[in-house]
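K.L.:
Okay, handing you the structure first.
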Amino acid sequence: MVNGCYREAMDIDLMTGASTWQESADLAKKLQGAGFSGMLYTETSQVPWMQVTAAAMAAPELFFTTGIAVAFPRSPMVSAAVAYEINGNTGGRFRLGLGSQVKAHVTRRYSSEFDKPAARLRDYVLAVQACFRAFNREEKLAHEGEFYNMNLLPNDWAPKAHDYDMKVDISAVGPLMTKVAGEVADGVHVHPLHSMPYIENRLIPGLAEGAAKSGRDVSEVDLIIPVFAIPGDTPEERAPLIARAKRQIGFYGSTPNYAFQFDDLGFEGTTAKVREKMKAGDIEGIADVITDEMLDMFAVVSPWDELADRLVDRYSGTASRVVMYLGEPEMRRDPANLDKWGEVASAVRAG
């Protein structure tokens, strides 16, 4: 139990990104057979909806999440309608994960508004939830917010109603967005760059503060946590994933707003060091800044037969879902690893 935030069950998903529909379907079949709970789709160079649909049709037992779909470039109605359709057609095996993205992408790539991102995403989530209620014929569409106003949904334009539970989650790191998640979202997508002290001392208290504003308990907010899990029975086997994890930790940690993730653990100045490497064009050198001591705080490094226990020990009672951040490339590199990951997944689900 972490600061009163306790959850009994924990699912295990695989994070995946851009691929063809057929590749998505093929991977889903393999994961379902191996014992994974579901798949989490990121939105980078490709929108997630068609991949999710292909995977869901191929693997009728898996659960699907977007972690995250970019919110602001889309109308709340568009996000709500797509999520409602996917959830209805999968029999309730989908939950919508939304995020603000960073300002440069929103304004320069999507040509959309970004001002007051925390307040804007709060209003966005409330608008999406209003759409869900209107789709269910619980009430007429009537959302009037600071950024979004929606009050028209004729019957001919409303989707066919279904009874499946609709969940909307958001990504959150800093205090403002964390409070928003606690106040209005069903769950929070925790940043891959996290330590347990961050979750215990910053994230859960922030969620609790937001939840209190809505008159609910923080345990009602699901935590979906991507993990840098690094399995391997020898140092040589673990080395490639360790290098990848260190580069990714350094890349995420180069963001000035995330410097506190290092500072809180006593690794002051790490963000500045990483940024110096990036400015010098020394991308490979980023990993050299991240020490093994840092890695142990931000990742789970383990022999194969101990990985499930390590994941359960660290996250059980806190996470609703743990998401394997590094697993897919290893499965593609060596298909034999799929069976090993399957054993890990089955053990995690068994608790």
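If you're wondering about the labels, chains in the structure tokens are A, B, ... by order shown, residues count from 1 in each chain, ligands from 1 in order shown.
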Run DSSP on the backbone and tell me which residues of range 43-287 of chain A come out as strand (DSSP E or B); list them as a ChimeraX atom specification.

P.N.:
/A:63-66,69-70,94-99,143-144,149-150,168-172,187-190,222-231

K.L.:
Using only N, CA and C atoms, please write the residues we just selected to a file, as a tab-separated table (two decimals), in the first residue's frame.

P.N.:
chain	number	residue	atom	x	y	z
A	63	PHE	N	-6.92	-6.56	-23.66
A	63	PHE	CA	-7.45	-5.24	-23.34
A	63	PHE	C	-6.53	-4.20	-24.00
A	64	PHE	N	-7.11	-3.05	-24.39
A	64	PHE	CA	-6.34	-2.07	-25.15
A	64	PHE	C	-6.48	-0.68	-24.54
A	65	THR	N	-5.36	0.04	-24.55
A	65	THR	CA	-5.34	1.41	-24.06
A	65	THR	C	-4.52	2.27	-25.03
A	66	THR	N	-4.80	3.55	-25.05
A	66	THR	CA	-3.92	4.50	-25.73
A	66	THR	C	-3.13	5.23	-24.66
A	69	ALA	N	-3.05	9.11	-26.59
A	69	ALA	CA	-3.49	9.79	-27.81
A	69	ALA	C	-3.44	11.29	-27.54
A	70	VAL	N	-2.99	12.05	-28.53
A	70	VAL	CA	-2.81	13.49	-28.35
A	70	VAL	C	-4.18	14.17	-28.36
A	94	PHE	N	-11.51	-1.55	-23.92
A	94	PHE	CA	-10.72	-0.38	-24.32
A	94	PHE	C	-10.95	0.75	-23.33
A	95	ARG	N	-9.89	1.50	-23.07
A	95	ARG	CA	-10.02	2.75	-22.32
A	95	ARG	C	-9.15	3.81	-23.00
A	96	LEU	N	-9.67	5.00	-23.03
A	96	LEU	CA	-9.05	6.11	-23.75
A	96	LEU	C	-8.04	6.82	-22.87
A	97	GLY	N	-6.79	6.84	-23.31
A	97	GLY	CA	-5.74	7.59	-22.62
A	97	GLY	C	-5.37	8.81	-23.43
A	98	LEU	N	-5.42	9.97	-22.80
A	98	LEU	CA	-5.18	11.25	-23.47
A	98	LEU	C	-3.99	11.97	-22.84
A	99	GLY	N	-3.33	12.80	-23.63
A	99	GLY	CA	-2.24	13.60	-23.11
A	99	GLY	C	-2.13	14.92	-23.84
A	143	HIS	N	-22.16	20.68	-22.46
A	143	HIS	CA	-20.91	21.01	-21.77
A	143	HIS	C	-20.53	22.45	-22.08
A	144	GLU	N	-20.40	23.24	-21.04
A	144	GLU	CA	-19.98	24.64	-21.18
A	144	GLU	C	-18.75	24.84	-20.33
A	149	ASN	N	-17.18	24.24	-25.68
A	149	ASN	CA	-18.61	24.39	-25.50
A	149	ASN	C	-19.31	23.48	-26.50
A	150	MET	N	-20.14	22.57	-26.00
A	150	MET	CA	-20.77	21.56	-26.84
A	150	MET	C	-22.20	21.35	-26.37
A	168	VAL	N	-11.69	7.27	-19.18
A	168	VAL	CA	-10.78	8.21	-19.81
A	168	VAL	C	-9.67	8.55	-18.83
A	169	ASP	N	-8.44	8.35	-19.25
A	169	ASP	CA	-7.25	8.57	-18.44
A	169	ASP	C	-6.41	9.67	-19.06
A	170	ILE	N	-5.54	10.27	-18.26
A	170	ILE	CA	-4.62	11.27	-18.81
A	170	ILE	C	-3.21	11.01	-18.31
A	171	SER	N	-2.23	11.49	-19.06
A	171	SER	CA	-0.85	11.44	-18.60
A	171	SER	C	-0.59	12.64	-17.70
A	172	ALA	N	0.23	12.43	-16.69
A	172	ALA	CA	0.51	13.51	-15.74
A	172	ALA	C	1.87	13.28	-15.11
A	187	GLY	N	-8.08	7.45	-14.58
A	187	GLY	CA	-6.76	6.89	-14.33
A	187	GLY	C	-5.69	7.85	-14.79
A	188	VAL	N	-4.45	7.54	-14.43
A	188	VAL	CA	-3.32	8.36	-14.83
A	188	VAL	C	-2.26	7.47	-15.46
A	189	HIS	N	-1.75	7.93	-16.62
A	189	HIS	CA	-0.61	7.28	-17.25
A	189	HIS	C	0.65	7.89	-16.64
A	190	VAL	N	1.31	7.12	-15.80
A	190	VAL	CA	2.53	7.57	-15.13
A	190	VAL	C	3.64	7.66	-16.17
A	222	ASP	N	-7.00	4.88	-11.25
A	222	ASP	CA	-6.10	3.80	-11.64
A	222	ASP	C	-4.75	4.34	-12.06
A	223	LEU	N	-3.68	3.63	-11.69
A	223	LEU	CA	-2.33	3.98	-12.12
A	223	LEU	C	-1.88	2.99	-13.18
A	224	ILE	N	-1.59	3.50	-14.36
A	224	ILE	CA	-1.07	2.71	-15.48
A	224	ILE	C	0.39	3.09	-15.63
A	225	ILE	N	1.30	2.14	-15.37
A	225	ILE	CA	2.71	2.49	-15.18
A	225	ILE	C	3.61	1.77	-16.18
A	226	PRO	N	4.19	2.51	-17.13
A	226	PRO	CA	5.21	1.91	-18.01
A	226	PRO	C	6.50	1.66	-17.22
A	227	VAL	N	7.13	0.53	-17.48
A	227	VAL	CA	8.30	0.12	-16.70
A	227	VAL	C	9.46	-0.20	-17.64
A	228	PHE	N	10.63	0.33	-17.30
A	228	PHE	CA	11.86	-0.10	-17.98
A	228	PHE	C	12.27	-1.45	-17.36
A	229	ALA	N	11.68	-2.53	-17.81
A	229	ALA	CA	12.03	-3.86	-17.31
A	229	ALA	C	13.15	-4.44	-18.16
A	230	ILE	N	14.22	-4.86	-17.49
A	230	ILE	CA	15.42	-5.31	-18.18
A	230	ILE	C	15.76	-6.72	-17.72
A	231	PRO	N	15.24	-7.75	-18.41
A	231	PRO	CA	15.55	-9.12	-18.02
A	231	PRO	C	16.78	-9.65	-18.74

K.L.:
Excluding range 334-349 of chain A and its own-chain neighbours fewer than 2 positions away, which residues fall within 10 Å of it when counting only C-alpha atoms? Please give them as number ranges by chain.

P.N.:
A: 9-14, 30-37, 231, 304-313, 316, 321-322, 324, 327-332, 351

K.L.:
Within 9 Å of range 109-120 of chain A, which residues of range 13-79 of chain A come that close, and what is the closest atom pair and distance in Å for each? Count only C-alpha atoms and give it as a tab-separated table.

P.N.:
residue	atom	partner	partner_atom	distance
A:Phe72	CA	A:Ser112	CA	6.7
A:Pro73	CA	A:Ser112	CA	5.5
A:Arg74	CA	A:Ser112	CA	8.9

K.L.:
From the options A:Ser19, A:Asn151, A:Ser75, A:Thr178, which residue's atoms come nearest to Ala134 in chain A, counting only C-alpha atoms?

P.N.:
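Among the listed residues, A:Asn151 lies closest to Ala134 in chain A.
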
K.L.:
Residues near Asp263 in chain A, anyone? I mean within 12 Å using only C-alpha atoms, not counting same-chain ones fewer than 6 positions away, as a list in words.

P.N.:
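Skipping anything fewer than 6 positions along the chain leaves Ser195, Pro197, Tyr198, Gly253, Pro256, Asn257, Gly269, Thr270, Thr271, Ala272 and Met294 of chain A.
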
K.L.:
Running DSSP on the backbone, which parts of range 50-98 of chain A land in helix (DSSP H, G or I), as a ChimeraX atom specification?

P.N.:
/A:50-58,76-89

K.L.:
One number please: CA of Thr16 in chain A to CA of Tyr41 in chain A, in Å, one decimal.

P.N.:
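Those two atoms sit 5.3 Å apart.
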
K.L.:
Given the choices A:Pro303, A:Gly92, A:Gly145, A:Gly281, which gets closest to Val128 in chain A if the distance is worked out from only C-alpha atoms?

P.N.:
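Checking each candidate against Val128 in chain A, we get A:Gly145 as the closest.
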
K.L.:
Find the residues around Met196 in chain A up to 9 Å (only C-alpha atoms counted), leave out those fewer than 6 positions away in its own chain, and share them as an MDAnalysis selection string.

P.N.:
chainID A and resid 297:298 314:315
